[in-house]
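A.B. asks: This one is coords-v9.tsv, TSV, C-alpha atoms.
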```
chain	number	residue	atom	x	y	z
A	1	MET	CA	-3.09	59.40	105.81
A	2	GLY	CA	-6.64	58.87	107.04
A	3	TRP	CA	-5.38	58.34	110.62
A	4	THR	CA	-4.98	61.10	113.21
A	5	THR	CA	-2.72	60.85	116.26
A	6	ILE	CA	-4.26	62.45	119.38
A	7	GLY	CA	-1.63	61.43	121.93
A	8	SER	CA	1.33	59.12	122.43
A	9	ARG	CA	3.23	57.53	125.32
A	10	LEU	CA	6.31	55.34	125.51
A	11	ALA	CA	5.28	51.87	126.68
A	12	TYR	CA	8.59	49.95	126.48
A	13	GLU	CA	12.05	50.25	125.02
A	14	ASN	CA	15.28	48.33	124.79
A	15	PRO	CA	18.34	48.85	122.57
A	16	TRP	CA	16.58	47.24	119.59
A	17	ILE	CA	12.91	48.18	119.77
A	18	ARG	CA	10.67	50.93	121.14
A	19	VAL	CA	6.96	50.37	121.79
A	20	ARG	CA	4.64	53.35	121.99
A	21	GLU	CA	0.91	53.51	122.54
A	22	ASP	CA	-0.92	56.16	120.56
A	23	GLN	CA	-4.43	57.49	120.97
A	24	VAL	CA	-5.80	57.67	117.43
A	25	LEU	CA	-8.75	58.52	115.25
A	26	ARG	CA	-9.20	55.75	112.69
A	27	PRO	CA	-9.84	56.43	108.98
A	28	ASP	CA	-13.59	56.11	109.65
A	29	GLY	CA	-13.36	58.74	112.44
A	30	SER	CA	-13.75	56.35	115.39
A	31	ALA	CA	-11.42	56.68	118.40
A	32	GLY	CA	-9.02	53.95	119.45
A	33	ARG	CA	-5.53	53.13	120.65
A	34	TYR	CA	-2.69	51.75	118.59
A	35	GLY	CA	0.43	50.06	119.93
A	36	VAL	CA	3.30	50.58	117.51
A	37	VAL	CA	6.55	48.61	117.67
A	38	GLU	CA	9.40	50.68	116.26
A	39	VAL	CA	12.42	48.64	115.24
A	40	ARG	CA	15.30	51.06	115.77
A	41	ALA	CA	17.76	49.90	113.09
A	42	PRO	CA	16.73	49.31	109.49
A	43	ALA	CA	17.21	45.67	108.50
A	44	VAL	CA	19.19	44.47	105.51
A	45	PHE	CA	18.35	41.25	103.70
A	46	VAL	CA	20.87	39.64	101.36
A	47	VAL	CA	20.03	37.10	98.66
A	48	PRO	CA	23.46	35.62	97.82
A	49	ILE	CA	23.59	33.71	94.52
A	50	SER	CA	26.69	31.67	93.71
A	51	ASP	CA	28.24	31.42	90.24
A	52	ASP	CA	26.61	28.00	89.84
A	53	ASP	CA	23.17	29.35	90.80
A	54	ASP	CA	22.90	28.23	94.40
A	55	VAL	CA	21.19	30.54	96.86
A	56	VAL	CA	23.05	30.64	100.17
A	57	LEU	CA	20.77	30.45	103.22
A	58	VAL	CA	21.37	30.26	106.96
A	59	SER	CA	19.59	28.16	109.56
A	60	VAL	CA	18.78	30.45	112.51
A	61	ASP	CA	17.69	29.40	115.99
A	62	ARG	CA	14.98	32.05	116.58
A	63	TYR	CA	14.31	32.93	120.19
A	64	ALA	CA	11.06	34.85	119.58
A	65	THR	CA	9.34	31.94	117.82
A	66	GLY	CA	11.19	29.05	119.48
A	67	GLU	CA	11.94	27.56	116.06
A	68	SER	CA	14.88	26.98	113.80
A	69	SER	CA	14.28	28.80	110.53
A	70	LEU	CA	15.91	28.73	107.09
A	71	GLU	CA	16.53	32.34	106.08
A	72	VAL	CA	18.48	34.69	103.87
A	73	PRO	CA	21.43	36.33	105.63
A	74	ALA	CA	20.10	39.46	107.34
A	75	GLY	CA	20.46	41.76	110.29
A	76	GLY	CA	20.11	45.23	111.69
A	77	ALA	CA	22.15	47.97	110.02
A	78	GLU	CA	24.60	49.72	112.32
A	79	GLU	CA	25.87	51.65	109.30
A	80	SER	CA	24.11	54.52	107.52
A	81	ASP	CA	25.22	52.92	104.23
A	82	LEU	CA	22.88	49.96	103.94
A	83	GLN	CA	24.99	48.15	101.36
A	84	LEU	CA	27.94	48.21	103.75
A	85	ALA	CA	25.64	46.72	106.39
A	86	ALA	CA	24.56	44.04	103.92
A	87	GLU	CA	28.19	43.24	103.09
A	88	ARG	CA	28.97	42.91	106.82
A	89	GLU	CA	25.98	40.68	107.54
A	90	LEU	CA	26.74	38.42	104.59
A	91	CYS	CA	30.32	37.99	105.75
A	92	GLU	CA	29.47	37.51	109.45
A	93	GLU	CA	26.76	34.95	108.79
A	94	THR	CA	28.23	32.98	105.86
A	95	GLY	CA	31.93	33.86	105.62
A	96	LEU	CA	31.33	35.09	102.05
A	97	VAL	CA	32.04	38.31	100.22
A	98	ALA	CA	30.37	39.34	96.95
A	99	ARG	CA	31.75	41.22	93.96
A	100	HIS	CA	28.40	42.41	92.56
A	101	TRP	CA	25.69	44.07	94.61
A	102	ARG	CA	22.27	45.20	93.46
A	103	ASP	CA	19.78	47.14	95.57
A	104	LEU	CA	16.34	45.53	95.09
A	105	GLY	CA	14.48	48.14	97.08
A	106	ARG	CA	12.88	48.72	100.42
A	107	VAL	CA	10.43	46.58	102.37
A	108	GLN	CA	8.34	46.87	105.54
A	109	SER	CA	7.73	44.02	107.99
A	110	LEU	CA	4.62	43.38	110.10
A	111	ASN	CA	3.22	46.78	109.15
A	112	GLY	CA	-0.06	46.25	110.99
A	113	VAL	CA	1.89	46.48	114.24
A	114	ALA	CA	5.41	47.64	113.49
A	115	ALA	CA	7.50	50.30	111.83
A	116	ALA	CA	10.24	47.92	110.69
A	117	ALA	CA	11.96	49.09	107.54
A	118	GLY	CA	14.29	46.93	105.51
A	119	ARG	CA	16.30	46.91	102.32
A	120	VAL	CA	16.89	43.91	100.07
A	121	PHE	CA	20.11	43.26	98.18
A	122	LEU	CA	21.07	40.73	95.54
A	123	ALA	CA	24.70	39.61	95.94
A	124	ARG	CA	26.56	37.81	93.15
A	125	GLY	CA	30.16	36.91	92.42
A	126	LEU	CA	30.59	35.15	95.77
A	127	ARG	CA	33.88	34.01	97.24
A	128	GLU	CA	35.19	33.02	100.67
A	129	ALA	CA	36.36	35.96	102.77
A	130	ALA	CA	39.96	36.08	103.95
A	131	ARG	CA	40.20	34.70	107.50
A	132	THR	CA	40.78	37.19	110.29
A	133	ALA	CA	43.24	36.37	113.06
A	134	GLN	CA	40.71	36.44	115.90
A	135	PRO	CA	37.26	35.99	114.41
A	136	VAL	CA	34.25	37.02	116.49
A	137	ASP	CA	31.69	34.21	116.75
A	138	HIS	CA	28.80	36.13	115.18
A	139	GLN	CA	27.12	32.87	114.22
A	140	GLY	CA	27.11	31.70	117.84
A	141	ILE	CA	25.86	35.04	119.19
A	142	GLU	CA	23.02	35.18	116.67
A	143	GLY	CA	22.07	31.50	116.82
A	144	ILE	CA	23.12	30.51	113.32
A	145	ASP	CA	23.76	26.80	113.28
A	146	ALA	CA	24.28	26.06	109.58
A	147	VAL	CA	24.92	27.62	106.18
A	148	VAL	CA	22.88	25.85	103.49
A	149	ARG	CA	23.25	26.09	99.72
A	150	VAL	CA	20.10	25.43	97.70
A	151	PRO	CA	20.21	25.21	93.88
A	152	LEU	CA	17.78	27.82	92.52
A	153	ASP	CA	16.18	25.12	90.38
A	154	ARG	CA	15.17	23.29	93.58
A	155	LEU	CA	13.91	26.38	95.40
A	156	PRO	CA	10.29	26.02	94.16
A	157	ASP	CA	10.12	22.50	95.61
A	158	LEU	CA	11.58	23.73	98.91
A	159	LEU	CA	9.02	26.55	99.03
A	160	ALA	CA	6.12	24.25	98.16
A	161	ALA	CA	7.19	21.91	100.97
A	162	GLY	CA	7.06	24.73	103.53
A	163	GLY	CA	10.84	24.76	103.94
A	164	ILE	CA	11.01	28.55	104.32
A	165	THR	CA	8.47	30.20	106.64
A	166	ASP	CA	10.25	33.47	107.47
A	167	ASN	CA	8.26	36.19	105.71
A	168	GLU	CA	11.21	38.54	105.34
A	169	SER	CA	13.18	35.79	103.59
A	170	LEU	CA	10.22	34.94	101.37
A	171	GLY	CA	9.86	38.61	100.44
A	172	ALA	CA	13.56	39.02	99.67
A	173	LEU	CA	13.54	35.85	97.59
A	174	LEU	CA	10.54	37.04	95.55
A	175	LEU	CA	12.29	40.32	94.74
A	176	ALA	CA	15.51	38.46	93.86
A	177	LEU	CA	13.81	35.80	91.73
A	178	THR	CA	11.95	38.59	89.91
A	179	ALA	CA	15.22	40.44	89.26
A	180	LEU	CA	16.73	37.19	87.96
A	181	GLY	CA	13.83	36.70	85.51
A	182	ARG	CA	12.62	33.57	87.28
A	183	VAL	CA	9.07	34.80	87.99
A	184	ARG	CA	6.45	34.97	85.30
B	1	MET	CA	16.90	25.61	120.98
B	2	GLY	CA	20.28	27.06	121.93
B	3	TRP	CA	18.59	29.84	123.95
B	4	THR	CA	17.68	29.59	127.63
B	5	THR	CA	15.06	31.76	129.34
B	6	ILE	CA	16.07	32.83	132.87
B	7	GLY	CA	13.18	35.16	133.63
B	8	SER	CA	10.31	37.03	131.99
B	9	ARG	CA	8.14	40.07	132.72
B	10	LEU	CA	5.17	41.61	130.95
B	11	ALA	CA	6.22	44.98	129.53
B	12	TYR	CA	3.07	46.07	127.64
B	13	GLU	CA	-0.17	44.66	126.33
B	14	ASN	CA	-3.25	45.73	124.41
B	15	PRO	CA	-6.00	43.65	122.78
B	16	TRP	CA	-3.78	42.86	119.77
B	17	ILE	CA	-0.22	42.49	121.05
B	18	ARG	CA	1.67	41.56	124.21
B	19	VAL	CA	5.27	42.62	124.79
B	20	ARG	CA	7.40	40.72	127.27
B	21	GLU	CA	11.01	41.19	128.29
B	22	ASP	CA	12.93	38.00	128.94
B	23	GLN	CA	16.29	37.50	130.60
B	24	VAL	CA	18.11	35.03	128.40
B	25	LEU	CA	21.27	33.08	127.82
B	26	ARG	CA	22.19	33.32	124.14
B	27	PRO	CA	23.30	30.32	122.05
B	28	ASP	CA	26.94	31.22	122.82
B	29	GLY	CA	26.20	31.23	126.58
B	30	SER	CA	26.33	35.00	127.10
B	31	ALA	CA	23.60	36.70	129.15
B	32	GLY	CA	21.23	39.27	127.71
B	33	ARG	CA	17.67	40.50	127.54
B	34	TYR	CA	15.19	39.94	124.73
B	35	GLY	CA	12.01	41.92	124.11
B	36	VAL	CA	9.47	39.72	122.36
B	37	VAL	CA	6.33	41.08	120.68
B	38	GLU	CA	3.59	38.45	120.73
B	39	VAL	CA	0.84	39.07	118.20
B	40	ARG	CA	-2.23	37.54	119.86
B	41	ALA	CA	-4.24	36.40	116.83
B	42	PRO	CA	-2.72	34.41	114.00
B	43	ALA	CA	-2.85	36.32	110.72
B	44	VAL	CA	-4.36	35.02	107.50
B	45	PHE	CA	-3.13	36.15	104.09
B	46	VAL	CA	-5.23	35.57	100.99
B	47	VAL	CA	-3.90	35.58	97.42
B	48	PRO	CA	-7.11	35.89	95.35
B	49	ILE	CA	-6.71	35.01	91.67
B	50	SER	CA	-9.56	35.75	89.26
B	51	ASP	CA	-10.62	33.46	86.43
B	52	ASP	CA	-8.78	35.74	84.00
B	53	ASP	CA	-5.56	35.61	86.06
B	54	ASP	CA	-5.72	38.91	87.89
B	55	VAL	CA	-4.47	39.02	91.47
B	56	VAL	CA	-6.75	41.15	93.65
B	57	LEU	CA	-4.88	43.50	95.99
B	58	VAL	CA	-5.96	46.18	98.44
B	59	SER	CA	-4.42	49.58	99.09
B	60	VAL	CA	-4.13	49.99	102.86
B	61	ASP	CA	-3.45	53.21	104.75
B	62	ARG	CA	-1.00	51.85	107.37
B	63	TYR	CA	-0.84	53.74	110.66
B	64	ALA	CA	2.35	52.10	111.96
B	65	THR	CA	4.43	53.07	108.93
B	66	GLY	CA	2.52	56.20	107.88
B	67	GLU	CA	2.32	54.90	104.32
B	68	SER	CA	-0.25	53.61	101.92
B	69	SER	CA	0.67	50.07	100.93
B	70	LEU	CA	-0.48	47.67	98.20
B	71	GLU	CA	-1.17	44.33	99.89
B	72	VAL	CA	-2.92	41.00	99.67
B	73	PRO	CA	-6.17	40.87	101.67
B	74	ALA	CA	-5.24	39.86	105.22
B	75	GLY	CA	-6.09	40.23	108.87
B	76	GLY	CA	-6.11	38.68	112.30
B	77	ALA	CA	-8.08	35.46	112.73
B	78	GLU	CA	-10.89	35.64	115.26
B	79	GLU	CA	-11.85	32.10	114.25
B	80	SER	CA	-10.03	28.89	115.20
B	81	ASP	CA	-10.63	27.72	111.61
B	82	LEU	CA	-8.11	29.79	109.67
B	83	GLN	CA	-9.75	29.20	106.30
B	84	LEU	CA	-12.99	30.66	107.66
B	85	ALA	CA	-10.99	33.66	108.82
B	86	ALA	CA	-9.45	33.96	105.35
B	87	GLU	CA	-12.90	33.78	103.73
B	88	ARG	CA	-14.15	36.54	106.05
B	89	GLU	CA	-11.16	38.80	105.43
B	90	LEU	CA	-11.40	38.37	101.66
B	91	CYS	CA	-15.08	39.30	101.73
B	92	GLU	CA	-14.69	42.23	104.14
B	93	GLU	CA	-11.79	43.77	102.26
B	94	THR	CA	-12.75	43.10	98.63
B	95	GLY	CA	-16.43	42.09	98.57
B	96	LEU	CA	-15.43	38.79	96.96
B	97	VAL	CA	-16.07	35.15	97.78
B	98	ALA	CA	-14.04	32.26	96.37
B	99	ARG	CA	-15.10	28.77	95.36
B	100	HIS	CA	-11.68	27.12	95.63
B	101	TRP	CA	-9.34	27.46	98.58
B	102	ARG	CA	-5.86	26.04	98.99
B	103	ASP	CA	-3.78	26.23	102.17
B	104	LEU	CA	-0.24	27.25	101.18
B	105	GLY	CA	1.22	26.82	104.64
B	106	ARG	CA	2.33	28.79	107.62
B	107	VAL	CA	4.61	31.80	107.86
B	108	GLN	CA	6.24	33.89	110.59
B	109	SER	CA	6.69	37.66	110.47
B	110	LEU	CA	9.51	39.76	111.95
B	111	ASN	CA	10.84	36.71	113.79
B	112	GLY	CA	13.87	38.53	115.18
B	113	VAL	CA	11.51	40.51	117.39
B	114	ALA	CA	8.06	38.96	117.18
B	115	ALA	CA	6.06	35.78	117.55
B	116	ALA	CA	3.64	36.58	114.74
B	117	ALA	CA	2.28	33.47	113.08
B	118	GLY	CA	0.36	33.51	109.82
B	119	ARG	CA	-1.23	31.22	107.28
B	120	VAL	CA	-1.34	31.81	103.53
B	121	PHE	CA	-4.26	30.80	101.31
B	122	LEU	CA	-4.71	30.75	97.56
B	123	ALA	CA	-8.30	31.64	96.60
B	124	ARG	CA	-9.69	30.93	93.13
B	125	GLY	CA	-13.11	30.90	91.50
B	126	LEU	CA	-13.89	34.45	92.62
B	127	ARG	CA	-17.28	36.11	92.44
B	128	GLU	CA	-18.96	39.13	94.04
B	129	ALA	CA	-20.56	38.39	97.40
B	130	ALA	CA	-24.27	38.94	97.85
B	131	ARG	CA	-24.88	42.34	99.41
B	132	THR	CA	-25.99	42.45	103.03
B	133	ALA	CA	-28.72	44.85	104.11
B	134	GLN	CA	-26.59	46.86	106.54
B	135	PRO	CA	-22.96	46.35	105.61
B	136	VAL	CA	-20.28	47.19	108.19
B	137	ASP	CA	-17.65	49.54	106.79
B	138	HIS	CA	-14.68	47.22	107.38
B	139	GLN	CA	-12.70	49.00	104.67
B	140	GLY	CA	-13.12	52.34	106.45
B	141	ILE	CA	-12.22	50.92	109.86
B	142	GLU	CA	-9.11	49.23	108.54
B	143	GLY	CA	-7.99	52.04	106.24
B	144	ILE	CA	-8.53	50.29	102.91
B	145	ASP	CA	-8.95	52.92	100.24
B	146	ALA	CA	-8.95	50.87	97.02
B	147	VAL	CA	-9.22	47.36	95.59
B	148	VAL	CA	-6.76	46.89	92.73
B	149	ARG	CA	-6.64	44.09	90.16
B	150	VAL	CA	-3.22	43.35	88.69
B	151	PRO	CA	-2.82	40.87	85.82
B	152	LEU	CA	-0.38	38.19	86.96
B	153	ASP	CA	1.64	38.75	83.78
B	154	ARG	CA	2.29	42.31	84.93
B	155	LEU	CA	3.15	41.42	88.52
B	156	PRO	CA	6.92	41.01	87.86
B	157	ASP	CA	7.08	44.57	86.50
B	158	LEU	CA	5.13	45.87	89.51
B	159	LEU	CA	7.50	44.07	91.86
B	160	ALA	CA	10.61	45.27	90.04
B	161	ALA	CA	9.30	48.84	90.29
B	162	GLY	CA	8.94	48.58	94.07
B	163	GLY	CA	5.15	48.64	93.89
B	164	ILE	CA	4.73	46.15	96.76
B	165	THR	CA	6.84	46.69	99.88
B	166	ASP	CA	4.79	44.80	102.49
B	167	ASN	CA	6.85	41.73	103.37
B	168	GLU	CA	3.86	39.63	104.34
B	169	SER	CA	2.28	40.29	100.93
B	170	LEU	CA	5.55	39.53	99.16
B	171	GLY	CA	5.84	36.26	101.08
B	172	ALA	CA	2.26	35.24	100.33
B	173	LEU	CA	2.73	36.10	96.65
B	174	LEU	CA	5.90	34.00	96.42
B	175	LEU	CA	4.10	30.97	97.87
B	176	ALA	CA	1.13	31.54	95.54
B	177	LEU	CA	3.23	32.08	92.42
B	178	THR	CA	5.16	28.91	93.29
B	179	ALA	CA	1.92	26.95	93.67
B	180	LEU	CA	0.77	28.33	90.29
B	181	GLY	CA	3.98	27.14	88.61
B	182	ARG	CA	5.11	30.68	87.88
B	183	VAL	CA	8.47	30.47	89.70
B	184	ARG	CA	11.42	28.61	88.27
```
Is it possible to give me this structure as structure tokens?
C.D. replies:
Amino acid sequence: MGWTTIGSRLAYENPWIRVREDQVLRPDGSAGRYGVVEVRAPAVFVVPISDDDDVVLVSVDRYATGESSLEVPAGGAEESDLQLAAERELCEETGLVARHWRDLGRVQSLNGVAAAAGRVFLARGLREAARTAQPVDHQGIEGIDAVVRVPLDRLPDLLAAGGITDNESLGALLLALTALGRVR
Amino acid sequence: MGWTTIGSRLAYENPWIRVREDQVLRPDGSAGRYGVVEVRAPAVFVVPISDDDDVVLVSVDRYATGESSLEVPAGGAEESDLQLAAERELCEETGLVARHWRDLGRVQSLNGVAAAAGRVFLARGLREAARTAQPVDHQGIEGIDAVVRVPLDRLPDLLAAGGITDNESLGALLLALTALGRVR
């Protein structure tokens, strides 16, 4: 690292993020300050592909941007096992479970400002989860208003039309499409 | 929007970001608080493709994550014209100018926490910029330690090997590869 940390103070925290302000020396030696947003829980991103090659997306009402956004199922990991977290998020957000899981690697979001680590999973062999007696309304709590299936063959048109703007979803989809041999 | 804002306070700000904490009602009606990181300047992301189908990437020493990261040229827009900002960032970070520019649309980063808008551009017809008499060391200030050309044909292997973890770069690359007809 070409950066040096001279000092650090906590600027803000809540259960999900922590913001600190560091006094730094930049790679060129000049002094400055750097506000870093630490996202406490690693995120998991799931690209669920059905047996007939649909990708399953969710429409999320995003408070921070004030927009509804078409995204891959995702969320913060409460579990140390990230695949378990991915399995939980997939089920909570879409009602699906997957037989086959593949770890597509780690990602970082908004790394000019944030330390926000994530892990991407490809999920195949989808089926509906068994219903629980008293389901928790995770979709309502998180602002998910629809589950949308998009045939993979139509995904390029959707992307070209600006139908997916969430960078984490775009990143997860690129890794998944690469793993599926659909990128050349 | 299914969310309602009840109150808001400024929690932290610096020249680049502003963090506010809002009191909210969630889409299911329950009360909570939401820390929102507003990134002040929109970001521009440039996917530069050479005449012989190399994508030009930069290796950036990222303070927030403590890692070196292979990324598309990018930065915060000081200009209201985002293409001008993209042209400036491309030149500052790689020493290149481009003859052909294509706006690939807008993106949002880390939208569970942040309001961080961006715009992606495809840049083609690359050539070296004329040298200025007293160049500013933008690469040193921003922590860029290398410019790397990757043949597009080898990009899938690089992605599969985890060579690019920056979600904004992955998102920009997916939009660019789609525009180039390389995603099916």
A.B. asks: In file coordinates, which residues lie within 10 Å of (4.2, 36.7, 80.1) using all atoms listed in the file, given as a list in words?
C.D. replies: Val183 and Arg184 of chain A; Pro151, Leu152, Asp153, Arg154, Leu155, Pro156 and Arg182 of chain B
A.B. asks: State, in Å with one decimal place, the distance from atom CA of B:Pro27 to atom CA of A:Asn14.
C.D. replies: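 A separation of 19.9 Å between them.
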A.B. asks: Output as a PyMOL selection string the set of chain B residues within 6 Å of chain A, with distances taken over all atoms listed in the file.
C.D. replies: chain B and resi 27-28+36+64-65+107-109+114-115+140-141+143+156+165-168+170-171+174+178+182-184
A.B. asks: What is the distance between atom CA of B:Leu57 and atom CA of A:Val120, in Å to one decimal?
C.D. replies: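 Between atom CA of B:Leu57 and atom CA of A:Val120 the gap works out to 22.2 Å.
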A.B. asks: For B:Trp101, find every residue with an atom within 9 Å (counting only C-alpha atoms), except residues of its own chain fewer than 2 positions away, and show them as a PDB file with C-alpha atoms, in the frame of the given file.
C.D. replies:
```pdb
ATOM      1  CA  GLN B  83      -9.750  29.200 106.300  1.00  0.00           C
ATOM      2  CA  GLU B  87     -12.900  33.780 103.730  1.00  0.00           C
ATOM      3  CA  ALA B  98     -14.040  32.260  96.370  1.00  0.00           C
ATOM      4  CA  ARG B  99     -15.100  28.770  95.360  1.00  0.00           C
ATOM      5  CA  ASP B 103      -3.780  26.230 102.170  1.00  0.00           C
ATOM      6  CA  PHE B 121      -4.260  30.800 101.310  1.00  0.00           C
ATOM      7  CA  LEU B 122      -4.710  30.750  97.560  1.00  0.00           C
ATOM      8  CA  ALA B 123      -8.300  31.640  96.600  1.00  0.00           C
ATOM      9  CA  ARG B 124      -9.690  30.930  93.130  1.00  0.00           C
ATOM     10  CA  GLY B 125     -13.110  30.900  91.500  1.00  0.00           C
TER      11      GLY B 125
END
```
